[in-house]
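> The structure follows.
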Amino acid sequence: MLKVRFAPSPTGYLHVGGARTALFNWMHARKNGGKFILRIEDTDKNRTKPEYLNEILESLRWLKLDWDEIYYQSQRFDIYREYAQKLLEKGLAYQKDEAIFFKYQFNQIKINDLIRGEVTFSELPKPEEVIIKRDGSPTYNFSCCIDDALMGVNCVIRGEDHLSNTPKQILLYQALGFDLPEFAHIPLILSPEGGRLSKRYGATAISDYKKEGYLPEALVNYFLLLGWSAGDNKEILALNQAKELFKLKDVNKTGSAFSLDKLKWVNSRYIREKDSSQLASLLKDYLESEGHPYARANEDELKTAVNLLSGRLVTLADFSSQADFLFEENVNYSSDSLEAIKDKLVDEIKELIKALGTIDNFQENVIESVFRETAAKLNLKPKVLVHPVRVALTGKRKGPGLFETMAVLGKDKVTKRLAKLVEYWESRE
RNA sequence: GUCCCCAUCGUCUAGCCUGGUCUAGGACACGGGCCUUUCGAGCCUGUAACGCCGGUUCAAAUCCGGCUGGGGACGCCA
């Protein structure tokens, strides 16, 4: 049976590169009826932190990358020592300064990589490798081989940065008498400038993307697009569909630059495709987790807000600044909107207030016709009235359609806010 | 310095294995236009790529070699 693994080290948060590695492992396992193992490589006592572990597990769950088994290397030190002892007995290792060194002869190592084909190493930097450190803990290459072998991992899918570890590990497998797994080294995710992902960009933790209002499906979908293509020019696809289409052999060899622009586009697509109750409940959770006061809004309020705004949200975080006029009692005119209310239309707005006051059924289409009639009566082009009214109602010069906005706000708030605008003008006589 | 990987629009990619259908397709971003009460969305449209040099071949983005460029690894970190 196929067994793959993702082996994060809780010495940092789960970042973009790790998440993508986990994703490809997960897809390969799920596509082929295999098992996906999570192995926590917490052998470095000084750098391992519980909050990192929590973040990694939570992020994987949030992305819906579920695992079948989980192991902690910190609980397996006896096993590593036992195998080191075996190498000692076979004369393939020696002890020095309390550490154990693996000694090897080396001519040439060929790796048959599932993605890259045959890779040949003709030289290795050192004739020996520490396998057990002076403090008794195993080194990465050693614990990795033993665990992969003992856990039955027969396909190792990891980042290309591990390609040069592979010959050492093969030597270890052979010395230990283990069968070799298959290897697949996936290309690295690069920063937009090329080179390692820097903190300014995608190196941020997956949990940061959650905070910034990205949806897990969107993040996963975007990762899918880095180094792999579903074919047929298909770019927006769910994890379940992708899983069916995924073949390790189709993974690119080229590193790919992380593009926040494209991620944002994918995210906005996913937001737009949610129906209002889904999005409202997502938003509720999001606002709650951010401790935002609008989280107190009830479901109906959120739903109407979402109906009005969902098409213009790139992330969930955009909501609060765009929806403030729906939740706040008073609006403040933003500095750039002052331009739209510089011409005073006191009498005209008063006329509009009166006309709107006659409407019983305060619905979008009714409002619109009354609005247009009033403008015509006043000999104004509708747009001359529209702009200041939008500012009066929302405090902004950009936003959703005016008449639906008015319908959502309701007659009471609309007339009050229009009166406020008149007041504002009159106060600046 | 040594070893290894990679190379199609600015970016993500399709095509490459099985040469001709590629005057190289799609997407993001960017520019123009339409729509419209603003912005967004949508629709239409434009700019933009096979790194270079050789070889093989009737024919090369596709096969081979070199060069250049980019990336990675050389920790008692993982």
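Ligands are numbered from 1 in the order shown, residues from 1 within each chain, and chains are lettered A, B, ... in the order they appear in the structure tokens.
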Select all residues from chain B having any atom no more than 7 Å from an atom of chain A (counting only C-alpha atoms (C1' of nucleotides), ignoring ligands), output as JSON, numbers by chain.

{"B": [3, 4, 6, 11, 12, 13, 26, 28, 37, 38, 39, 40, 41, 71, 72, 73, 74, 76, 78]}

> Could you give me the residues within stretch 84-318 of chain A that DSSP places in helix (DSSP H, G or I), as a PyMOL selection string?

chain A and resi 84-90+140-150+160-176+206-211+216-224+239-245+248-250+260-273+276-289+293-296+299-312+318

> Give me the residues near A:Ala407 as a VMD selection string, where near means some atom within 12 Å (using only C-alpha atoms (C1' of nucleotides)) and where sequence neighbours in that chain fewer than 5 positions away do not count.

chain A and resid 304 to 305 308 326 356 359 to 368 393 400 to 402 412 to 415

> Near B:C43, counting only C-alpha atoms (C1' of nucleotides), which residues have an atom at most 12 Å away, once you skip same-chain residues fewer than 6 positions from it, shown as a list in words?

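Near B:C43, the qualifying residues are G33, C34 and C35 of chain B.
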
> As a ChimeraX atom specification, please: every residue in stretch 73-193 of chain A that DSSP puts in strand (DSSP E or B).

/A:93-96,99-103,109-113,117-121,128-132,138,155-159,182-186,189-190

> Give me a file of those residues, with N, CA and C atoms, as an mmCIF file, in the first residue's frame.


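Output contents, as saved in selection33.cif:
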data_model
loop_
_atom_site.group_PDB
_atom_site.id
_atom_site.type_symbol
_atom_site.label_atom_id
_atom_site.label_comp_id
_atom_site.auth_asym_id
_atom_site.auth_seq_id
_atom_site.Cartn_x
_atom_site.Cartn_y
_atom_site.Cartn_z
ATOM 1 N N ALA A 93 29.713 2.345 11.751
ATOM 2 C CA ALA A 93 29.677 3.615 12.463
ATOM 3 C C ALA A 93 30.718 3.555 13.573
ATOM 4 N N TYR A 94 31.085 4.722 14.048
ATOM 5 C CA TYR A 94 32.013 4.764 15.180
ATOM 6 C C TYR A 94 31.627 5.901 16.102
ATOM 7 N N GLN A 95 32.094 5.763 17.335
ATOM 8 C CA GLN A 95 31.736 6.731 18.348
ATOM 9 C C GLN A 95 32.907 7.666 18.600
ATOM 10 N N LYS A 96 32.600 8.935 18.728
ATOM 11 C CA LYS A 96 33.656 9.893 19.040
ATOM 12 C C LYS A 96 33.033 11.050 19.797
ATOM 13 N N ALA A 99 29.319 11.312 20.382
ATOM 14 C CA ALA A 99 28.474 11.322 19.184
ATOM 15 C C ALA A 99 28.772 10.064 18.373
ATOM 16 N N ILE A 100 27.802 9.681 17.538
ATOM 17 C CA ILE A 100 28.028 8.512 16.682
ATOM 18 C C ILE A 100 28.074 8.962 15.227
ATOM 19 N N PHE A 101 29.111 8.548 14.547
ATOM 20 C CA PHE A 101 29.322 8.917 13.143
ATOM 21 C C PHE A 101 29.090 7.724 12.237
ATOM 22 N N PHE A 102 28.392 7.964 11.165
ATOM 23 C CA PHE A 102 28.208 6.945 10.128
ATOM 24 C C PHE A 102 29.302 7.166 9.094
ATOM 25 N N LYS A 103 30.001 6.060 8.775
ATOM 26 C CA LYS A 103 31.114 6.167 7.832
ATOM 27 C C LYS A 103 30.739 5.472 6.545
ATOM 28 N N ILE A 109 26.020 7.830 -6.757
ATOM 29 C CA ILE A 109 24.652 7.447 -6.363
ATOM 30 C C ILE A 109 23.683 7.946 -7.418
ATOM 31 N N LYS A 110 22.837 7.032 -7.844
ATOM 32 C CA LYS A 110 21.805 7.415 -8.803
ATOM 33 C C LYS A 110 20.452 7.403 -8.096
ATOM 34 N N ILE A 111 19.713 8.450 -8.292
ATOM 35 C CA ILE A 111 18.363 8.523 -7.733
ATOM 36 C C ILE A 111 17.391 8.505 -8.904
ATOM 37 N N ASN A 112 16.333 7.709 -8.746
ATOM 38 C CA ASN A 112 15.317 7.731 -9.776
ATOM 39 C C ASN A 112 14.154 8.545 -9.280
ATOM 40 N N ASP A 113 14.191 9.812 -9.573
ATOM 41 C CA ASP A 113 13.186 10.703 -9.020
ATOM 42 C C ASP A 113 11.932 10.672 -9.885
ATOM 43 N N GLY A 117 13.311 12.413 -12.911
ATOM 44 C CA GLY A 117 14.033 11.384 -13.651
ATOM 45 C C GLY A 117 15.313 11.021 -12.922
ATOM 46 N N GLU A 118 16.287 10.538 -13.673
ATOM 47 C CA GLU A 118 17.510 10.077 -13.026
ATOM 48 C C GLU A 118 18.410 11.245 -12.640
ATOM 49 N N VAL A 119 18.822 11.235 -11.394
ATOM 50 C CA VAL A 119 19.742 12.264 -10.900
ATOM 51 C C VAL A 119 20.971 11.546 -10.363
ATOM 52 N N THR A 120 22.128 11.953 -10.851
ATOM 53 C CA THR A 120 23.355 11.264 -10.453
ATOM 54 C C THR A 120 24.263 12.170 -9.625
ATOM 55 N N PHE A 121 24.636 11.692 -8.468
ATOM 56 C CA PHE A 121 25.595 12.426 -7.636
ATOM 57 C C PHE A 121 26.956 11.758 -7.775
ATOM 58 N N GLU A 128 31.777 11.036 6.071
ATOM 59 C CA GLU A 128 31.078 10.557 7.267
ATOM 60 C C GLU A 128 30.015 11.567 7.648
ATOM 61 N N GLU A 129 29.124 11.111 8.492
ATOM 62 C CA GLU A 129 27.971 11.939 8.818
ATOM 63 C C GLU A 129 27.603 11.641 10.275
ATOM 64 N N VAL A 130 27.338 12.656 11.049
ATOM 65 C CA VAL A 130 26.869 12.414 12.421
ATOM 66 C C VAL A 130 25.462 11.841 12.350
ATOM 67 N N ILE A 131 25.207 10.792 13.120
ATOM 68 C CA ILE A 131 23.845 10.269 13.155
ATOM 69 C C ILE A 131 23.211 10.437 14.539
ATOM 70 N N ILE A 132 24.028 10.338 15.563
ATOM 71 C CA ILE A 132 23.537 10.644 16.905
ATOM 72 C C ILE A 132 24.423 11.756 17.474
ATOM 73 N N PRO A 138 19.012 12.219 17.621
ATOM 74 C CA PRO A 138 19.412 11.819 16.267
ATOM 75 C C PRO A 138 19.510 13.044 15.362
ATOM 76 N N CYS A 155 6.981 6.224 -0.511
ATOM 77 C CA CYS A 155 7.110 7.292 -1.485
ATOM 78 C C CYS A 155 7.355 8.583 -0.723
ATOM 79 N N VAL A 156 8.532 9.128 -0.926
ATOM 80 C CA VAL A 156 8.925 10.337 -0.207
ATOM 81 C C VAL A 156 8.759 11.536 -1.128
ATOM 82 N N ILE A 157 7.784 12.371 -0.805
ATOM 83 C CA ILE A 157 7.534 13.573 -1.604
ATOM 84 C C ILE A 157 7.920 14.765 -0.745
ATOM 85 N N ARG A 158 8.883 15.521 -1.185
ATOM 86 C CA ARG A 158 9.364 16.637 -0.379
ATOM 87 C C ARG A 158 9.916 17.711 -1.278
ATOM 88 N N GLY A 159 10.315 18.818 -0.694
ATOM 89 C CA GLY A 159 10.829 19.931 -1.462
ATOM 90 C C GLY A 159 12.184 19.625 -2.086
ATOM 91 N N GLU A 182 10.431 5.306 -3.065
ATOM 92 C CA GLU A 182 10.563 6.138 -4.254
ATOM 93 C C GLU A 182 10.726 7.586 -3.786
ATOM 94 N N PHE A 183 11.327 8.378 -4.617
ATOM 95 C CA PHE A 183 11.515 9.783 -4.254
ATOM 96 C C PHE A 183 10.875 10.692 -5.296
ATOM 97 N N ALA A 184 10.304 11.777 -4.816
ATOM 98 C CA ALA A 184 9.765 12.785 -5.729
ATOM 99 C C ALA A 184 10.085 14.140 -5.107
ATOM 100 N N HIS A 185 10.904 14.905 -5.785
ATOM 101 C CA HIS A 185 11.263 16.217 -5.245
ATOM 102 C C HIS A 185 10.531 17.304 -6.003
ATOM 103 N N ILE A 186 9.679 17.997 -5.286
ATOM 104 C CA ILE A 186 8.853 19.013 -5.930
ATOM 105 C C ILE A 186 9.580 20.355 -5.928
ATOM 106 N N ILE A 189 8.867 26.956 -3.968
ATOM 107 C CA ILE A 189 8.117 28.199 -4.190
ATOM 108 C C ILE A 189 9.068 29.357 -3.903
ATOM 109 N N LEU A 190 9.170 30.228 -4.864
ATOM 110 C CA LEU A 190 10.121 31.339 -4.772
ATOM 111 C C LEU A 190 9.401 32.640 -4.430
#

> Which neighbours of stretch 21-25 of chain B fall inside 12 Å, counting only C-alpha atoms (C1' of nucleotides), when residues of the same chain fewer than 2 positions from it are skipped, and could you give them as a list in words?

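Near stretch 21-25 of chain B, the qualifying residues are Gly231, Asp232 and Asn233 of chain A; U8, C9, U13, A14, G15, A27, A49, C50, A60, A61 and U62 of chain B.
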
> Would you mind reading off the distance between atom CA of A:Leu239 and atom CA of A:Leu215, one decimal, in Å?

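Separating atom CA of A:Leu239 from atom CA of A:Leu215 is a distance of 12.9 Å.
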
> Hey, can you check how far atom CA of A:Asn221 sits from atom CA of A:Leu23?

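Atom CA of A:Asn221 sits 10.1 Å away from atom CA of A:Leu23.
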
> My list of candidates is B:A29, B:C67, B:C16, B:C77. Which is closest to B:C53 when distances are computed with only C-alpha atoms (C1' of nucleotides)?

B:C67

> Could you tell me how far atom CA of A:Ala375 lies from atom CA of A:Glu423, in Å and to one decimal?

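Rounded to one decimal, the two atoms are 20.6 Å apart.
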